[in-house]
>>> print(open('my_file-v6.cif').read())   # mmCIF, C-alpha atoms
data_final
#
loop_
_atom_site.group_PDB
_atom_site.id
_atom_site.type_symbol
_atom_site.label_atom_id
_atom_site.label_comp_id
_atom_site.auth_asym_id
_atom_site.auth_seq_id
_atom_site.Cartn_x
_atom_site.Cartn_y
_atom_site.Cartn_z
ATOM 1 C CA MET A 15 -0.724 5.624 -7.887
ATOM 2 C CA LYS A 16 -3.144 3.796 -10.137
ATOM 3 C CA THR A 17 -4.098 0.188 -9.531
ATOM 4 C CA LYS A 18 -2.850 -0.815 -12.981
ATOM 5 C CA ASP A 19 0.598 0.563 -12.168
ATOM 6 C CA ILE A 20 0.717 -1.166 -8.786
ATOM 7 C CA ARG A 21 -0.053 -4.548 -10.329
ATOM 8 C CA THR A 22 3.018 -4.291 -12.572
ATOM 9 C CA LEU A 23 5.347 -4.026 -9.549
ATOM 10 C CA ALA A 24 7.068 -6.985 -7.895
ATOM 11 C CA VAL A 25 6.000 -8.065 -4.411
ATOM 12 C CA ASN A 26 9.136 -6.724 -2.734
ATOM 13 C CA GLU A 27 8.695 -3.350 -4.476
ATOM 14 C CA ILE A 28 5.107 -3.170 -3.244
ATOM 15 C CA GLU A 29 6.235 -3.971 0.291
ATOM 16 C CA SER A 30 8.877 -1.228 0.222
ATOM 17 C CA LYS A 31 6.425 1.344 -1.170
ATOM 18 C CA LEU A 32 3.915 0.296 1.475
ATOM 19 C CA ALA A 33 6.454 0.934 4.216
ATOM 20 C CA GLU A 34 7.230 4.346 2.716
ATOM 21 C CA MET A 35 3.539 5.249 2.643
ATOM 22 C CA LYS A 36 3.008 4.187 6.237
ATOM 23 C CA ASP A 37 5.904 6.413 7.244
ATOM 24 C CA LYS A 38 4.432 9.253 5.175
ATOM 25 C CA LEU A 39 1.059 8.796 6.902
ATOM 26 C CA PHE A 40 2.722 8.918 10.312
ATOM 27 C CA LYS A 41 4.449 12.192 9.407
ATOM 28 C CA GLN A 42 1.212 13.670 8.042
ATOM 29 C CA LYS A 43 -0.671 12.777 11.239
ATOM 30 C CA PHE A 44 2.121 14.249 13.315
ATOM 31 C CA GLN A 45 2.005 17.502 11.334
ATOM 32 C CA LYS A 46 -1.761 17.601 11.765
ATOM 33 C CA SER A 47 -1.437 17.265 15.531
ATOM 34 C CA LEU A 48 1.033 20.167 15.545
ATOM 35 C CA GLY A 49 -1.335 22.267 13.446
ATOM 36 C CA GLN A 50 0.982 22.351 10.450
ATOM 37 C CA ALA A 51 -1.059 20.162 8.118
ATOM 38 C CA ASP A 52 -1.545 21.439 4.580
ATOM 39 C CA SER A 53 -4.735 19.605 3.800
ATOM 40 C CA PRO A 54 -6.702 16.827 5.502
ATOM 41 C CA TYR A 55 -7.321 15.412 2.029
ATOM 42 C CA LYS A 56 -3.685 14.297 1.790
ATOM 43 C CA ILE A 57 -4.097 12.062 4.847
ATOM 44 C CA ARG A 58 -7.235 10.516 3.388
ATOM 45 C CA GLN A 59 -5.536 9.939 0.043
ATOM 46 C CA THR A 60 -2.506 8.334 1.706
ATOM 47 C CA LYS A 61 -4.791 5.973 3.630
ATOM 48 C CA ARG A 62 -6.540 4.988 0.418
ATOM 49 C CA ASP A 63 -3.227 4.379 -1.328
ATOM 50 C CA ILE A 64 -2.092 2.175 1.568
ATOM 51 C CA ALA A 65 -5.333 0.206 1.291
ATOM 52 C CA LYS A 66 -4.807 -0.272 -2.469
ATOM 53 C CA PHE A 67 -1.278 -1.531 -1.951
ATOM 54 C CA MET A 68 -2.319 -3.887 0.857
ATOM 55 C CA THR A 69 -5.218 -5.291 -1.177
ATOM 56 C CA ILE A 70 -3.106 -5.951 -4.253
ATOM 57 C CA LEU A 71 -0.309 -7.439 -2.136
ATOM 58 C CA LYS A 72 -2.795 -9.796 -0.486
ATOM 59 C CA GLU A 73 -4.199 -10.791 -3.887
ATOM 60 C CA MET A 74 -0.717 -11.528 -5.205
ATOM 61 C CA ARG A 75 0.185 -13.618 -2.183
ATOM 62 C CA SER A 76 -3.043 -15.626 -2.308
ATOM 63 C CA GLN A 77 -2.622 -16.153 -6.042
ATOM 64 C CA ASN A 78 0.931 -17.439 -5.518
ATOM 65 C CA GLY A 79 -0.336 -19.745 -2.781
ATOM 66 C CA ASN A 80 -3.074 -21.100 -5.023
ATOM 67 C CA ASP A 81 -0.585 -21.713 -7.831
ATOM 68 C CA ALA A 82 1.664 -23.670 -5.481
ATOM 69 C CA GLU A 83 -1.254 -25.804 -4.296
ATOM 70 C CA LYS A 84 -2.307 -26.572 -7.890
ATOM 71 C CA SER A 85 1.174 -27.711 -8.834
ATOM 72 C CA LYS A 86 1.310 -30.078 -5.828
ATOM 73 C CA GLY A 87 -1.760 -31.963 -6.459
#
>>> encode(input="my_file-v6.cif", output="structure tokens")
Amino acid sequence: MKTKDIRTLAVNEIESKLAEMKDKLFKQKFQKSLGQADSPYKIRQTKRDIAKFMTILKEMRSQNGNDAEKSKG
């Protein structure tokens, strides 16, 4: 998923997709250990997607925190 598309999602949608991806990564690693993996590239891509989602989620949370602090004082 592209970064632009991720940024349009709500925080709770990002969190749910992140959980789905972590589950997908677990299944891919399990298949690899059993020797049934299609391609090691898929694991790498899933890890990168997880990192994108986590980075954007952290940015959104810090931005919301900064907005709250500005409105207080």
>>> closest_residue(input="my_file-v6.cif", among="A:Asn80, A:Met68, A:Gln50, A:Ile57", to="Val25 of chain A", atoms="only C-alpha atoms")
A:Met68
>>> resolve_selection(input="my_file-v6.cif", expression="the PyMOL selection byres ((chain A and resi 31) around 12)", output="PyMOL selection string")
chain A and resi 15+20+23-30+32-38+60+63-64+66-68+71
>>> write_last_selection(input="my_file-v6.cif", atoms="C-alpha atoms", output="PDB file, in the coordinates of the input")
ATOM      1  CA  MET A  15      -0.724   5.624  -7.887  1.00  0.00           C
ATOM      2  CA  ILE A  20       0.717  -1.166  -8.786  1.00  0.00           C
ATOM      3  CA  LEU A  23       5.347  -4.026  -9.549  1.00  0.00           C
ATOM      4  CA  ALA A  24       7.068  -6.985  -7.895  1.00  0.00           C
ATOM      5  CA  VAL A  25       6.000  -8.065  -4.411  1.00  0.00           C
ATOM      6  CA  ASN A  26       9.136  -6.724  -2.734  1.00  0.00           C
ATOM      7  CA  GLU A  27       8.695  -3.350  -4.476  1.00  0.00           C
ATOM      8  CA  ILE A  28       5.107  -3.170  -3.244  1.00  0.00           C
ATOM      9  CA  GLU A  29       6.235  -3.971   0.291  1.00  0.00           C
ATOM     10  CA  SER A  30       8.877  -1.228   0.222  1.00  0.00           C
ATOM     11  CA  LEU A  32       3.915   0.296   1.475  1.00  0.00           C
ATOM     12  CA  ALA A  33       6.454   0.934   4.216  1.00  0.00           C
ATOM     13  CA  GLU A  34       7.230   4.346   2.716  1.00  0.00           C
ATOM     14  CA  MET A  35       3.539   5.249   2.643  1.00  0.00           C
ATOM     15  CA  LYS A  36       3.008   4.187   6.237  1.00  0.00           C
ATOM     16  CA  ASP A  37       5.904   6.413   7.244  1.00  0.00           C
ATOM     17  CA  LYS A  38       4.432   9.253   5.175  1.00  0.00           C
ATOM     18  CA  THR A  60      -2.506   8.334   1.706  1.00  0.00           C
ATOM     19  CA  ASP A  63      -3.227   4.379  -1.328  1.00  0.00           C
ATOM     20  CA  ILE A  64      -2.092   2.175   1.568  1.00  0.00           C
ATOM     21  CA  LYS A  66      -4.807  -0.272  -2.469  1.00  0.00           C
ATOM     22  CA  PHE A  67      -1.278  -1.531  -1.951  1.00  0.00           C
ATOM     23  CA  MET A  68      -2.319  -3.887   0.857  1.00  0.00           C
ATOM     24  CA  LEU A  71      -0.309  -7.439  -2.136  1.00  0.00           C
TER      25      LEU A  71
END
>>> atom_distance(input="my_file-v6.cif", atom1="atom CA of Thr17 of chain A", atom2="atom CA of Asn78 of chain A")
18.8 Å
>>> resolve_selection(input="my_file-v6.cif", expression="the PyMOL selection byres ((chain A and resi 56) around 12)", output="list in words")
Met35, Lys38, Leu39, Phe40, Lys41, Gln42, Lys43, Gln45, Lys46, Ala51, Asp52, Ser53, Pro54, Tyr55, Ile57, Arg58, Gln59, Thr60, Lys61, Arg62 and Asp63 of chain A
>>> axis_aligned_box(input="my_file-v6.cif", around="segment 52-69 of chain A", padding_each_side="5 Å", output="AutoDock Vina command-line options")
--center_x -4.3 --center_y 8.1 --center_z 1.5 --size_x 16.0 --size_y 36.7 --size_z 18.0
>>> decode(input="my_file-v6.cif", residues="segment 25-47 of chain A", atoms="N, CA and C atoms", output="compact mmCIF listing (two decimals), in the first residue's frame")
# COMPACT_ATOMS: atom_id res chain seq x y z
N VAL A 25 -7.06 6.54 12.24
CA VAL A 25 -6.13 5.86 13.14
C VAL A 25 -6.59 4.44 13.46
N ASN A 26 -7.88 4.26 13.74
CA ASN A 26 -8.34 2.92 14.08
C ASN A 26 -8.27 1.97 12.88
N GLU A 27 -8.43 2.48 11.66
CA GLU A 27 -8.28 1.65 10.47
C GLU A 27 -6.82 1.22 10.29
N ILE A 28 -5.91 2.15 10.56
CA ILE A 28 -4.48 1.84 10.46
C ILE A 28 -4.12 0.76 11.48
N GLU A 29 -4.63 0.90 12.70
CA GLU A 29 -4.34 -0.08 13.73
C GLU A 29 -4.86 -1.47 13.35
N SER A 30 -6.05 -1.54 12.77
CA SER A 30 -6.60 -2.84 12.38
C SER A 30 -5.80 -3.45 11.23
N LYS A 31 -5.41 -2.62 10.25
CA LYS A 31 -4.60 -3.13 9.14
C LYS A 31 -3.23 -3.57 9.64
N LEU A 32 -2.70 -2.87 10.61
CA LEU A 32 -1.41 -3.23 11.18
C LEU A 32 -1.49 -4.60 11.85
N ALA A 33 -2.55 -4.84 12.59
CA ALA A 33 -2.74 -6.14 13.22
C ALA A 33 -2.86 -7.25 12.17
N GLU A 34 -3.58 -6.97 11.10
CA GLU A 34 -3.72 -7.95 10.02
C GLU A 34 -2.36 -8.28 9.40
N MET A 35 -1.55 -7.25 9.18
CA MET A 35 -0.24 -7.46 8.57
C MET A 35 0.70 -8.25 9.48
N LYS A 36 0.62 -7.97 10.78
CA LYS A 36 1.45 -8.73 11.71
C LYS A 36 1.06 -10.20 11.71
N ASP A 37 -0.23 -10.46 11.61
CA ASP A 37 -0.70 -11.84 11.53
C ASP A 37 -0.23 -12.48 10.22
N LYS A 38 -0.29 -11.72 9.14
CA LYS A 38 0.16 -12.21 7.83
C LYS A 38 1.65 -12.54 7.88
N LEU A 39 2.44 -11.69 8.52
CA LEU A 39 3.88 -11.92 8.65
C LEU A 39 4.15 -13.19 9.44
N PHE A 40 3.41 -13.39 10.52
CA PHE A 40 3.56 -14.60 11.32
C PHE A 40 3.30 -15.84 10.46
N LYS A 41 2.24 -15.81 9.68
CA LYS A 41 1.90 -16.95 8.83
C LYS A 41 2.97 -17.19 7.77
N GLN A 42 3.50 -16.10 7.19
CA GLN A 42 4.54 -16.23 6.18
C GLN A 42 5.81 -16.84 6.78
N LYS A 43 6.18 -16.41 7.98
CA LYS A 43 7.36 -16.97 8.64
C LYS A 43 7.15 -18.44 8.97
N PHE A 44 5.95 -18.77 9.37
CA PHE A 44 5.63 -20.16 9.70
C PHE A 44 5.72 -21.03 8.44
N GLN A 45 5.20 -20.55 7.33
CA GLN A 45 5.29 -21.29 6.07
C GLN A 45 6.74 -21.45 5.64
N LYS A 46 7.55 -20.41 5.87
CA LYS A 46 8.96 -20.50 5.51
C LYS A 46 9.66 -21.58 6.33
N SER A 47 9.34 -21.65 7.61
CA SER A 47 9.97 -22.66 8.46
C SER A 47 9.57 -24.08 8.07
